[in-house]
Structures are given as structure tokens and as C-alpha cells.
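data-v5.cif (mmCIF, C-alpha atoms)
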data_input
loop_
_atom_site.label_atom_id
_atom_site.label_comp_id
_atom_site.auth_asym_id
_atom_site.auth_seq_id
_atom_site.Cartn_x
_atom_site.Cartn_y
_atom_site.Cartn_z
CA MET A 1469 0.00 0.00 0.00
CA LEU A 1470 2.79 2.46 0.76
CA ALA A 1471 4.46 1.79 -2.59
CA ALA A 1472 1.20 2.30 -4.46
CA SER A 1473 0.53 5.56 -2.65
CA GLY A 1474 4.05 6.84 -3.45
CA THR A 1475 3.61 6.05 -7.16
CA ALA A 1476 0.33 7.94 -7.33
CA THR A 1477 1.88 11.00 -5.71
CA ALA A 1478 4.87 11.00 -8.10
CA GLN A 1479 2.61 10.86 -11.15
CA THR A 1480 0.77 14.03 -10.08
CA GLU A 1481 3.95 16.04 -9.64
CA PRO A 1482 4.79 18.27 -12.64
CA PHE A 1483 7.69 17.06 -14.75
CA LEU A 1484 8.77 20.65 -15.54
CA SER A 1485 9.90 23.71 -13.56
CA VAL A 1486 10.47 27.16 -15.05
CA THR A 1487 12.44 30.18 -13.88
CA ARG A 1488 12.33 33.57 -15.59
CA GLY A 1489 15.11 36.10 -15.17
CA ALA A 1490 14.91 39.88 -15.16
CA GLY A 1491 13.37 41.12 -18.39
CA ALA A 1492 12.02 37.67 -19.30
CA GLU A 1493 8.71 37.98 -17.42
CA SER A 1494 6.83 37.75 -20.74
CA CYS A 1495 8.14 34.21 -21.27
CA PRO A 1496 5.80 31.34 -20.27
CA ASP A 1497 5.59 29.90 -16.76
CA ALA A 1498 5.57 26.16 -16.04
CA ALA A 1499 1.80 25.75 -16.41
CA ARG A 1500 1.74 27.54 -19.76
CA LEU A 1501 4.72 25.59 -21.10
CA ILE A 1502 3.28 22.23 -19.98
CA GLU A 1503 0.03 23.12 -21.76
CA ARG A 1504 1.91 23.88 -25.00
CA VAL A 1505 3.87 20.59 -24.77
CA GLU A 1506 0.70 18.58 -24.22
CA GLN A 1507 -0.94 20.29 -27.20
CA LEU A 1508 2.00 19.32 -29.41
CA ARG A 1509 2.04 15.70 -28.17
CA GLY A 1510 -1.76 15.32 -28.24
CA ARG A 1511 -1.92 13.87 -24.74
CA PRO A 1512 -1.11 14.86 -21.14
CA GLU A 1513 2.25 13.82 -19.71
CA THR A 1514 1.71 11.55 -16.69
CA GLY A 1515 4.77 9.34 -16.65
CA ALA A 1516 7.86 11.40 -17.50
CA SER A 1517 11.03 9.44 -16.74
CA GLY A 1518 12.83 12.54 -15.46
CA SER A 1519 12.38 16.17 -14.55
CA TYR A 1520 13.22 19.18 -16.75
CA VAL A 1521 14.33 22.63 -15.65
CA VAL A 1522 13.85 25.54 -18.05
CA GLU A 1523 15.39 28.96 -17.44
CA PHE A 1524 14.40 31.96 -19.58
CA THR A 1525 16.77 34.95 -19.65
CA ARG A 1526 16.75 38.28 -21.46
CA GLU A 1527 19.87 39.12 -23.48
CA ALA A 1528 20.98 42.22 -25.34
CA ASP A 1529 19.87 40.86 -28.72
CA GLY A 1530 16.86 38.71 -27.74
CA PHE A 1531 15.91 35.87 -25.43
CA ARG A 1532 17.60 32.61 -24.37
CA ALA A 1533 16.15 29.38 -22.96
CA SER A 1534 18.30 26.82 -21.09
CA ILE A 1535 16.82 23.31 -20.81
CA ARG A 1536 18.46 21.01 -18.25
CA SER A 1537 17.61 17.39 -17.52
CA GLY A 1538 19.30 14.22 -16.42
CA SER A 1539 20.44 13.59 -20.01
CA GLY A 1540 22.23 16.91 -20.41
CA ALA A 1541 21.59 20.56 -21.24
CA ARG A 1542 20.46 22.48 -24.31
CA GLU A 1543 20.22 26.14 -25.19
CA LEU A 1544 17.90 27.96 -27.58
CA ARG A 1545 18.13 31.59 -28.66
CA ASP A 1546 15.74 33.86 -30.50
CA ARG A 1547 16.71 37.36 -31.67
CA SER A 1548 13.27 38.89 -31.23
CA ARG A 1549 11.63 41.60 -29.18
CA SER A 1550 9.10 39.14 -27.75
CA CYS A 1551 9.34 35.67 -26.20
CA ALA A 1552 6.57 34.13 -28.35
CA GLY A 1553 8.89 32.51 -30.88
CA LEU A 1554 11.18 31.11 -28.19
CA GLU A 1555 8.14 29.75 -26.30
CA GLN A 1556 7.13 27.73 -29.36
CA ALA A 1557 10.68 26.48 -29.95
CA THR A 1558 11.06 25.46 -26.28
CA ALA A 1559 7.76 23.57 -26.31
CA VAL A 1560 8.75 21.67 -29.47
CA THR A 1561 12.13 20.76 -27.97
CA LEU A 1562 10.55 19.50 -24.73
CA ALA A 1563 8.04 17.43 -26.71
CA LEU A 1564 10.88 15.82 -28.65
CA LEU A 1565 12.87 15.16 -25.48
CA LEU A 1566 9.88 13.58 -23.73
CA ASP A 1567 9.21 11.28 -26.70
CA SER A 1568 12.90 10.35 -26.94
CA ASP A 1569 13.30 9.76 -23.20
CA GLY A 1570 10.06 7.76 -23.09
CA GLN A 1571 11.21 5.42 -25.84
CA ALA A 1572 14.70 5.04 -24.35
CA SER A 1573 13.24 4.08 -20.93
CA SER A 1574 10.53 1.67 -22.22
CA PRO A 1575 10.44 -1.79 -20.44
CA GLN A 1576 12.73 -4.44 -21.92
CA GLY A 1577 11.79 -7.39 -19.68
CA PRO A 1578 13.48 -8.70 -16.53
CA GLY A 1579 17.21 -9.26 -16.63
CA VAL A 1580 17.68 -7.29 -19.86
CA GLU A 1581 20.09 -4.36 -19.72
CA ALA A 1582 20.57 -1.85 -22.54
CA ARG A 1583 24.21 -1.12 -23.25
CA ASP A 1584 25.14 1.87 -25.45
CA ALA A 1585 22.00 1.39 -27.56
CA PRO A 1586 21.28 4.57 -29.52
CA PRO A 1587 17.80 5.99 -28.82
CA PRO A 1588 15.26 5.89 -31.65
CA ALA A 1589 15.14 8.93 -33.88
CA PRO A 1590 12.64 11.48 -32.52
CA PRO A 1591 9.64 12.44 -34.69
CA ALA A 1592 10.06 15.41 -36.97
CA PRO A 1593 8.87 18.75 -35.50
CA PRO A 1594 5.67 20.25 -36.91
CA ALA A 1595 7.43 23.31 -38.24
CA PRO A 1596 11.08 24.12 -39.18
CA LEU A 1597 11.72 26.14 -36.05
CA LEU A 1598 14.94 24.53 -34.85
CA SER A 1599 18.34 23.60 -36.15
CA ALA A 1600 20.51 21.18 -34.19
CA SER A 1601 23.97 19.64 -34.47
CA ALA A 1602 26.20 17.57 -32.25
CA GLU A 1603 28.78 20.32 -31.94
CA ARG A 1604 26.62 23.34 -31.11
CA PRO A 1605 23.44 24.05 -29.09
CA LEU A 1606 19.98 24.34 -30.57
CA VAL A 1607 19.22 27.79 -31.95
CA ALA A 1608 15.72 29.13 -32.53
CA ARG A 1609 15.27 30.46 -36.06
CA PRO A 1610 12.74 33.16 -36.95
CA ALA A 1611 9.25 31.72 -37.41
CA PRO A 1612 7.48 32.13 -40.78
CA ALA A 1613 5.28 35.18 -41.32
CA GLY A 1614 2.05 34.85 -39.38
CA ALA A 1615 3.42 32.18 -37.02
CA GLY A 1616 4.02 34.64 -34.17
CA GLY A 1617 7.30 35.65 -32.57
CA GLY A 1618 7.19 39.39 -33.19
CA GLU A 1619 9.60 41.47 -35.21
CA ARG A 1620 12.93 39.88 -36.10
CA GLU A 1621 16.33 41.52 -36.33
CA ALA A 1622 18.79 41.02 -39.16
CA PRO A 1623 20.25 37.46 -39.30
CA THR A 1624 23.76 36.99 -37.98
CA SER A 1625 25.08 36.12 -41.46
CA GLU A 1626 23.77 39.46 -42.77
CA ARG A 1627 25.31 41.40 -39.88
CA GLY A 1628 28.73 40.02 -40.70
CA ALA A 1629 28.39 40.66 -44.44
CA THR A 1630 30.40 43.26 -46.30
CA ARG A 1631 28.47 46.53 -46.48
CA LEU A 1632 28.73 49.71 -48.52
CA THR A 1633 27.87 52.79 -46.43
CA LEU A 1634 27.04 56.41 -47.21
CA ALA A 1635 27.07 58.88 -44.30
CA ALA A 1636 26.27 62.58 -44.01
CA GLY A 1637 25.84 64.90 -41.05
CA ALA A 1638 27.12 67.74 -38.93
CA ALA A 1639 30.42 68.22 -37.15
CA GLY A 1640 32.13 70.64 -34.81
CA LEU A 1641 35.80 71.69 -35.05
CA PHE A 1642 37.46 72.77 -31.83
CA GLY A 1643 40.76 74.64 -31.71
CA VAL A 1644 41.46 74.76 -35.46
CA VAL A 1645 40.42 78.22 -36.73
CA ARG A 1646 38.73 79.37 -33.50
CA PRO A 1647 37.56 77.76 -30.24
CA PHE A 1648 34.53 76.28 -32.03
CA ALA A 1649 33.43 76.23 -35.64
CA PRO A 1650 30.55 74.23 -37.20
CA ALA A 1651 31.14 72.04 -40.24
CA LEU A 1652 29.42 69.55 -42.52
CA SER A 1653 30.80 66.12 -43.35
CA THR A 1654 30.07 63.23 -45.70
CA GLU A 1655 31.68 59.80 -46.13
CA LEU A 1656 31.60 56.78 -48.41
CA GLY A 1657 32.76 53.58 -46.73
CA ILE A 1658 33.00 49.82 -46.93
CA GLY A 1659 33.44 47.27 -44.15
CA GLY A 1660 32.42 44.09 -42.38
CA ALA A 1661 31.85 42.80 -38.86
CA ARG A 1662 35.13 44.05 -37.38
CA PHE A 1663 36.81 46.42 -39.82
CA ARG A 1664 35.62 49.34 -41.93
CA ALA A 1665 37.26 52.09 -43.95
CA ALA A 1666 35.92 55.34 -45.40
CA ILE A 1667 36.86 58.34 -47.50
CA GLY A 1668 35.00 61.61 -47.13
CA ALA A 1669 34.89 65.39 -47.22
CA LEU A 1670 34.72 68.09 -44.53
CA TRP A 1671 33.45 71.62 -45.23
CA LEU A 1672 33.94 74.35 -42.65
CA VAL A 1673 31.17 76.91 -42.35
CA PRO A 1674 32.91 80.28 -43.16
CA GLN A 1675 34.15 82.04 -40.05
CA THR A 1676 34.77 85.75 -39.46
CA LEU A 1677 37.41 86.75 -36.90
CA GLU A 1678 37.64 90.34 -35.70
CA LEU A 1679 41.21 91.65 -35.56
CA GLY A 1680 41.99 95.26 -34.74
CA PRO A 1681 40.44 97.65 -37.27
CA GLY A 1682 39.53 94.87 -39.70
CA GLU A 1683 38.57 91.21 -39.90
CA LEU A 1684 39.63 87.89 -41.38
CA ARG A 1685 37.19 85.58 -43.13
CA GLU A 1686 38.37 81.96 -42.99
CA THR A 1687 37.10 79.04 -45.05
CA MET A 1688 38.24 75.43 -45.40
CA PHE A 1689 37.36 72.46 -47.57
CA GLY A 1690 39.14 69.18 -46.97
CA GLY A 1691 39.04 65.45 -47.14
CA VAL A 1692 39.47 62.59 -44.72
CA VAL A 1693 40.59 58.99 -44.98
CA ARG A 1694 40.01 56.85 -41.93
CA ALA A 1695 39.96 53.20 -40.87
CA CYS A 1696 38.06 51.79 -37.88
CA PHE A 1697 38.32 48.57 -35.89
CA ALA A 1698 35.47 47.31 -33.70
CA ALA A 1699 36.86 47.19 -30.16
CA ALA A 1700 33.54 45.96 -28.72
CA GLY A 1701 30.17 44.88 -30.07
CA VAL A 1702 29.45 43.67 -33.60
CA GLY A 1703 25.65 43.58 -33.44
CA VAL A 1704 23.22 46.48 -33.31
CA LEU A 1705 25.79 48.78 -31.66
CA ARG A 1706 29.55 48.76 -32.12
CA PHE A 1707 32.34 50.73 -30.46
CA ASP A 1708 35.16 51.52 -32.89
CA VAL A 1709 38.69 52.86 -32.58
CA CYS A 1710 39.58 54.90 -35.67
CA SER A 1711 42.48 56.81 -37.17
CA GLY A 1712 43.57 58.16 -40.54
CA VAL A 1713 44.44 61.53 -42.08
CA HIS A 1714 42.62 64.85 -42.33
CA ALA A 1715 43.78 67.16 -45.10
CA GLY A 1716 42.35 70.49 -46.17
CA ARG A 1717 42.97 73.88 -47.65
CA LEU A 1718 42.57 76.84 -45.30
CA LYS A 1719 41.97 80.24 -46.80
CA ALA A 1720 41.92 83.60 -44.99
CA ALA A 1721 40.83 86.83 -46.67
CA ALA A 1722 41.51 90.18 -44.95
CA SER A 1723 39.22 93.17 -45.17
CA ARG A 1724 39.16 96.75 -43.83
CA PHE A 1725 42.95 96.88 -43.49
CA THR A 1726 45.39 99.19 -45.27
CA ARG A 1727 46.26 96.26 -47.53
CA ASN A 1728 43.82 93.40 -47.89
CA ASP A 1729 45.32 90.10 -48.97
CA ALA A 1730 44.07 86.50 -49.26
CA VAL A 1731 46.34 83.68 -48.09
CA GLU A 1732 45.92 79.89 -48.40
CA LYS A 1733 47.61 77.21 -46.32
CA THR A 1734 47.50 73.42 -46.25
CA TRP A 1735 46.06 71.83 -43.10
CA LEU A 1736 47.10 68.29 -42.12
CA ALA A 1737 46.13 66.45 -38.95
CA ILE A 1738 46.11 62.90 -37.58
CA PRO A 1739 42.86 61.89 -35.80
CA PHE A 1740 42.57 59.51 -32.86
CA GLU A 1741 38.87 58.75 -32.69
CA LEU A 1742 36.34 56.80 -30.64
CA SER A 1743 33.12 56.02 -32.47
CA LEU A 1744 29.72 54.62 -31.49
CA ALA A 1745 27.84 53.35 -34.54
CA SER A 1746 24.75 51.39 -35.53
CA LEU A 1747 25.40 49.80 -38.93
CA ALA A 1748 23.44 46.52 -38.79
CA GLY A 1749 20.35 47.74 -40.68
CA PRO A 1750 19.70 49.78 -43.80
CA LEU A 1751 19.61 52.99 -41.74
CA GLY A 1752 21.85 53.79 -38.78
CA PHE A 1753 24.05 56.43 -37.21
CA ASP A 1754 27.67 57.17 -36.38
CA VAL A 1755 28.76 59.38 -33.46
CA GLY A 1756 32.46 60.16 -33.24
CA ALA A 1757 34.82 62.16 -31.04
CA ALA A 1758 38.40 62.61 -32.26
CA ALA A 1759 41.53 64.32 -31.02
CA LEU A 1760 43.25 66.10 -33.93
CA VAL A 1761 47.04 66.31 -33.81
CA PRO A 1762 48.10 68.82 -36.51
CA LEU A 1763 51.27 68.10 -38.45
CA ARG A 1764 51.61 71.87 -38.75
CA ARG A 1765 49.70 74.68 -37.09
CA ASN A 1766 48.25 77.28 -39.45
CA ASP A 1767 47.67 80.54 -37.59
CA PHE A 1768 46.92 83.66 -39.64
CA SER A 1769 48.30 87.04 -38.62
CA VAL A 1770 48.28 90.61 -39.89
CA ASP A 1771 51.51 92.58 -39.91
CA GLY A 1772 51.51 95.18 -37.21
CA VAL A 1773 48.26 93.92 -35.69
CA GLY A 1774 48.85 90.35 -34.48
CA VAL A 1775 47.56 86.79 -34.74
CA ALA A 1776 43.84 86.33 -35.42
CA TYR A 1777 43.65 83.05 -33.46
CA ARG A 1778 46.46 81.05 -31.89
CA SER A 1779 45.49 77.37 -32.18
CA PRO A 1780 46.40 74.87 -29.41
CA PRO A 1781 48.75 71.90 -30.04
CA VAL A 1782 45.78 69.50 -30.18
CA GLY A 1783 42.33 70.18 -31.62
CA ALA A 1784 39.17 68.11 -31.66
CA LEU A 1785 36.40 67.03 -34.00
CA VAL A 1786 32.95 65.84 -32.88
CA SER A 1787 30.59 64.47 -35.52
CA LEU A 1788 27.08 63.06 -35.82
CA ARG A 1789 26.13 61.39 -39.09
CA GLY A 1790 23.20 59.43 -40.42
CA VAL A 1791 24.30 56.27 -42.25
CA GLY A 1792 22.68 54.29 -45.04
CA SER A 1793 24.13 50.85 -45.77
CA TRP A 1794 23.73 48.14 -48.40
CA VAL A 1795 24.87 44.52 -48.23
CA LEU A 1796 27.23 43.66 -51.09
#
Here is a file; write its structure as C-alpha cells.
Amino acid sequence: MLAASGTATAQTEPFLSVTRGAGAESCPDAARLIERVEQLRGRPETGASGSYVVEFTREADGFRASIRSGSGARELRDRSRSCAGLEQATAVTLALLLDSDGQASSPQGPGVEARDAPPPAPPAPPAPLLSASAERPLVARPAPAGAGGGEREAPTSERGATRLTLAAGAAGLFGVVRPFAPALSTELGIGGARFRAAIGALWLVPQTLELGPGELRETMFGGVVRACFAAAGVGVLRFDVCSGVHAGRLKAAASRFTRNDAVEKTWLAIPFELSLASLAGPLGFDVGAAALVPLRRNDFSVDGVGVAYRSPPVGALVSLRGVGSWVL
């Protein structure tokens, strides 16, 4: 009688427990997941040979489910803004595991012991939601349109593809012709997951500097060649370290002096830049802050009056650009 009572109690205990981490509260609880598994199998589970522990966690690029049991552990990931797709994939995986474990533990008669017998092949899933291999964990793929799962991000293979980019935006020059001067910039670039390079142009909004009885009007148009390496992040956001060469032609025209001349000088500087960019989709952005080390300092002066602006040994460039990108 005691043995019979113990068996009845064990059969009523749930075969599955679920924990949900911070940010994963939208993922299913144990009751919901058991219901989905039973719907897939077409019958309630009353005699599971082992217990299963599922842990849902929220990650930077989606959701992850860890499934642990006596036979090992599996992981599923879904790059989505909701947990619906991962819920379906987890339920399918549990249904397959229950069928496989049930067949492997079926009675073989007294005195018979299974030794290294491979388990029967599990039934095919109802939809192509999962991919599995012996060397890597299960990964949830995006569900077909209309199957739920919410909006999907770009596949990993597309994120790592070579892209052509076109960027345009505003910039600020510090310590070049005056303490601050606005500018416009544009770039054409090409790159992949870790490395990118670009060539572009920089146009300084004309600046007027008062000097004694007159003034100097300064203009500059230049180009830039830079290369960037992703120091962190290769997904939606990436942090790059960049360097290259800035080259331009500075022109100063004097007015209201006894003799009014126009002088041009070449401007060369080496940038050391930190960049935060989003380049994974067709539209993104690039925010950069660079220290500019000039190879020569170009300060304009007027004889008998003085220097219009004495530039510091190191300048700076801050830029914000919108970026369009195309996979090659």
C-alpha cells in the first residue's frame, strides 16, 4: 500500500519547472509551457522518466532558454523583441525530449540491460523552427510570417556581411580656426563585422574673426581617410577605434585693413577617434569624437596687428552622421 501511494503521488507532480530572469517575465511559466507541450504531443504527460528545468533569460539581442535534464543541457536563442517565438521552440524541444526519453526508458523485460544502444530517432517537428547539431546548441530560427514571434532583427550572417555605407551629417571643429566652428561632413565607406574604412569630405562653415580695425574671413574644404576597428560589439551597436588623415585647404581673406590680402595654407592632422555606430540595418548612425594632432599649425596674422587666433597643439572634432548601408 505504501508503494502504491508513493507512485500515485509522483505521477501528479509536474515534470517541468520554469524560472524567468529579469526582463524575461513575458516568457511562459511552467503551467503555460506544460500546456503547449501537451498540445503538441496530443496527450497529457503523466509518466515522465525525469524532470526538466527551463530557465528563460533576457539578453541584449533577444531571449535565451536553457533546458536542463538528467540527459544533459540544451540552449535555444531567438533574436526577437518578444518571447513568443522562443516559447514555441522550447515547447517543441521539450516534446521531442519527452518522446525520446520515453522510448529510451521503455520496459525491456526482466534481466535485460541496454548497453550503449542509440535511442530511436525522434519524430520530426511540426514546423522548421529549430536547427541542431552535435557540436553546437539548438538555436531558434525566426518563425514564418504569421506564425508569431514578433519582429525579427537582421540574421547573424547578414550582420557580418560586407556593407557599402554612405554617411552625411554635422560636425564641430574645436581649436582649429577658432575655439569652435561648425562644419558639414560626408563619407563613403565599406566594411564588415570588425573592420571598416571610409573616404570623405569636410566643409567648414565660413568664419569671421575680428582683428583690430579689420577682420579675417576663414574658409576650409578638406578630405578625410580613416579606418576603424570594432573594439567591442558587432551587433546592433559597435564601439570603434579609428584613425587616418585629415587634409584640407585653409583660406583667410583680410578686409578693412590698409592692404587686404588673401592667403591659403595646407592643413594636415592625424585623428585619434572613438566612435559609437549602428550599422546593422539599412539605416543607422555614427557618433564620433576625435583628437586632432596637426602636423603643422596654421595661424593667420596681420603685420603690425597680431595673430587672429592662436590654435592649441591639439584640436578636436565631434561628428554626428546618419548612415545608409547596403549589403554587397
Grab the CA of His1714 in chain A to CA of Glu1686 in chain A distance for me, in Å with one decimal place.
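According to the coordinates, CA of His1714 in chain A and CA of Glu1686 in chain A are separated by 17.6 Å.
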Using only C-alpha atoms, which of A:Arg1765, A:Arg1778, A:Arg1504, A:Arg1694 sits nearest Phe1740 in chain A?
A:Arg1694
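Selection check: the PyMOL selection byres ((chain A and resi 1485-1491) around 6) on the shown file gives Leu1484, Ala1492, Glu1493, Asp1497, Ala1498, Val1521, Val1522, Glu1523, Phe1524, Thr1525 and Arg1526 of chain A.
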Evaluate the PyMOL selection byres ((chain A and resi 1699) around 10) and report residues as number ranges by chain:
A: 1662-1663, 1696-1698, 1700-1702, 1706-1710, 1742-1743
So what does the PyMOL selection byres ((chain A and resi 1634) around 6) actually pick up in this one, as a PyMOL selection string?
chain A and resi 1633+1635+1655-1656+1791-1792
Please provide as a PyMOL selection string all residues within 9 Å of Glu1513 in chain A, with the sequence filter that same-chain residues fewer than 2 positions apart are discarded (counting only C-alpha atoms).
chain A and resi 1482-1483+1502+1505-1506+1509+1511+1515-1516+1566
Give the answer as one residue: which of A:Val1755, A:Ala1720, A:Leu1763, A:Leu1672 has the shortest atom-to-atom distance to Gly1790 in chain A, using only C-alpha atoms?
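Of all the options, A:Val1755 lies closest to Gly1790 in chain A.
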Which residues come within 10 Å of Asp1767 in chain A, counting only C-alpha atoms, excluding same-chain residues fewer than 2 positions away, as a list of chain:residue names?
A:Val1644, A:Val1645, A:Arg1646, A:Leu1718, A:Ala1720, A:Lys1733, A:Arg1764, A:Arg1765, A:Ser1769, A:Val1775, A:Ala1776, A:Tyr1777, A:Arg1778, A:Ser1779
Please supply range 1625-1646 of chain A, rebuilt with N, CA, C and O atoms, as a CSV table (one decimal), in the frame of the given file.
chain,number,residue,atom,x,y,z
A,1625,SER,N,24.3,36.2,-40.2
A,1625,SER,CA,25.1,36.1,-41.5
A,1625,SER,C,25.0,37.5,-42.2
A,1625,SER,O,26.0,37.9,-42.8
A,1626,GLU,N,23.9,38.2,-42.1
A,1626,GLU,CA,23.8,39.5,-42.8
A,1626,GLU,C,24.5,40.5,-42.0
A,1626,GLU,O,25.1,41.4,-42.6
A,1627,ARG,N,24.6,40.4,-40.7
A,1627,ARG,CA,25.3,41.4,-39.9
A,1627,ARG,C,26.8,41.3,-40.2
A,1627,ARG,O,27.5,42.3,-40.2
A,1628,GLY,N,27.3,40.2,-40.4
A,1628,GLY,CA,28.7,40.0,-40.7
A,1628,GLY,C,29.1,40.2,-42.2
A,1628,GLY,O,30.3,40.1,-42.5
A,1629,ALA,N,28.1,40.5,-43.0
A,1629,ALA,CA,28.4,40.7,-44.4
A,1629,ALA,C,29.1,42.0,-44.7
A,1629,ALA,O,29.1,42.9,-43.9
A,1630,THR,N,29.8,42.0,-45.9
A,1630,THR,CA,30.4,43.3,-46.3
A,1630,THR,C,29.3,44.3,-46.7
A,1630,THR,O,28.4,43.9,-47.5
A,1631,ARG,N,29.5,45.5,-46.2
A,1631,ARG,CA,28.5,46.5,-46.5
A,1631,ARG,C,29.1,47.8,-47.1
A,1631,ARG,O,30.2,48.1,-46.8
A,1632,LEU,N,28.4,48.4,-48.0
A,1632,LEU,CA,28.7,49.7,-48.5
A,1632,LEU,C,27.9,50.7,-47.8
A,1632,LEU,O,26.7,50.6,-47.6
A,1633,THR,N,28.6,51.8,-47.3
A,1633,THR,CA,27.9,52.8,-46.4
A,1633,THR,C,28.0,54.2,-47.0
A,1633,THR,O,29.1,54.5,-47.6
A,1634,LEU,N,27.0,55.0,-46.8
A,1634,LEU,CA,27.0,56.4,-47.2
A,1634,LEU,C,26.5,57.2,-46.0
A,1634,LEU,O,25.4,57.0,-45.5
A,1635,ALA,N,27.4,58.1,-45.5
A,1635,ALA,CA,27.1,58.9,-44.3
A,1635,ALA,C,27.1,60.4,-44.6
A,1635,ALA,O,27.9,60.8,-45.4
A,1636,ALA,N,26.3,61.1,-43.9
A,1636,ALA,CA,26.3,62.6,-44.0
A,1636,ALA,C,25.7,63.2,-42.7
A,1636,ALA,O,24.8,62.6,-42.1
A,1637,GLY,N,26.3,64.3,-42.3
A,1637,GLY,CA,25.8,64.9,-41.0
A,1637,GLY,C,26.6,66.2,-40.7
A,1637,GLY,O,27.3,66.8,-41.5
A,1638,ALA,N,26.5,66.5,-39.4
A,1638,ALA,CA,27.1,67.7,-38.9
A,1638,ALA,C,28.3,67.4,-38.1
A,1638,ALA,O,28.4,66.3,-37.5
A,1639,ALA,N,29.2,68.4,-38.0
A,1639,ALA,CA,30.4,68.2,-37.2
A,1639,ALA,C,30.8,69.5,-36.5
A,1639,ALA,O,30.3,70.6,-36.9
A,1640,GLY,N,31.6,69.5,-35.5
A,1640,GLY,CA,32.1,70.6,-34.8
A,1640,GLY,C,33.6,70.6,-34.7
A,1640,GLY,O,34.2,69.5,-34.2
A,1641,LEU,N,34.3,71.6,-35.2
A,1641,LEU,CA,35.8,71.7,-35.0
A,1641,LEU,C,36.2,72.6,-33.9
A,1641,LEU,O,35.7,73.7,-33.7
A,1642,PHE,N,37.0,72.0,-33.0
A,1642,PHE,CA,37.5,72.8,-31.8
A,1642,PHE,C,39.0,73.0,-31.9
A,1642,PHE,O,39.7,72.1,-32.2
A,1643,GLY,N,39.3,74.3,-31.8
A,1643,GLY,CA,40.8,74.6,-31.7
A,1643,GLY,C,41.5,74.6,-33.0
A,1643,GLY,O,42.7,74.3,-33.1
A,1644,VAL,N,40.8,74.8,-34.2
A,1644,VAL,CA,41.5,74.8,-35.5
A,1644,VAL,C,41.6,76.2,-36.0
A,1644,VAL,O,42.7,76.7,-36.2
A,1645,VAL,N,40.4,76.8,-36.3
A,1645,VAL,CA,40.4,78.2,-36.7
A,1645,VAL,C,39.9,79.2,-35.7
A,1645,VAL,O,40.1,80.4,-35.8
A,1646,ARG,N,39.2,78.6,-34.7
A,1646,ARG,CA,38.7,79.4,-33.5
A,1646,ARG,C,38.3,78.3,-32.5
A,1646,ARG,O,38.3,77.1,-32.7
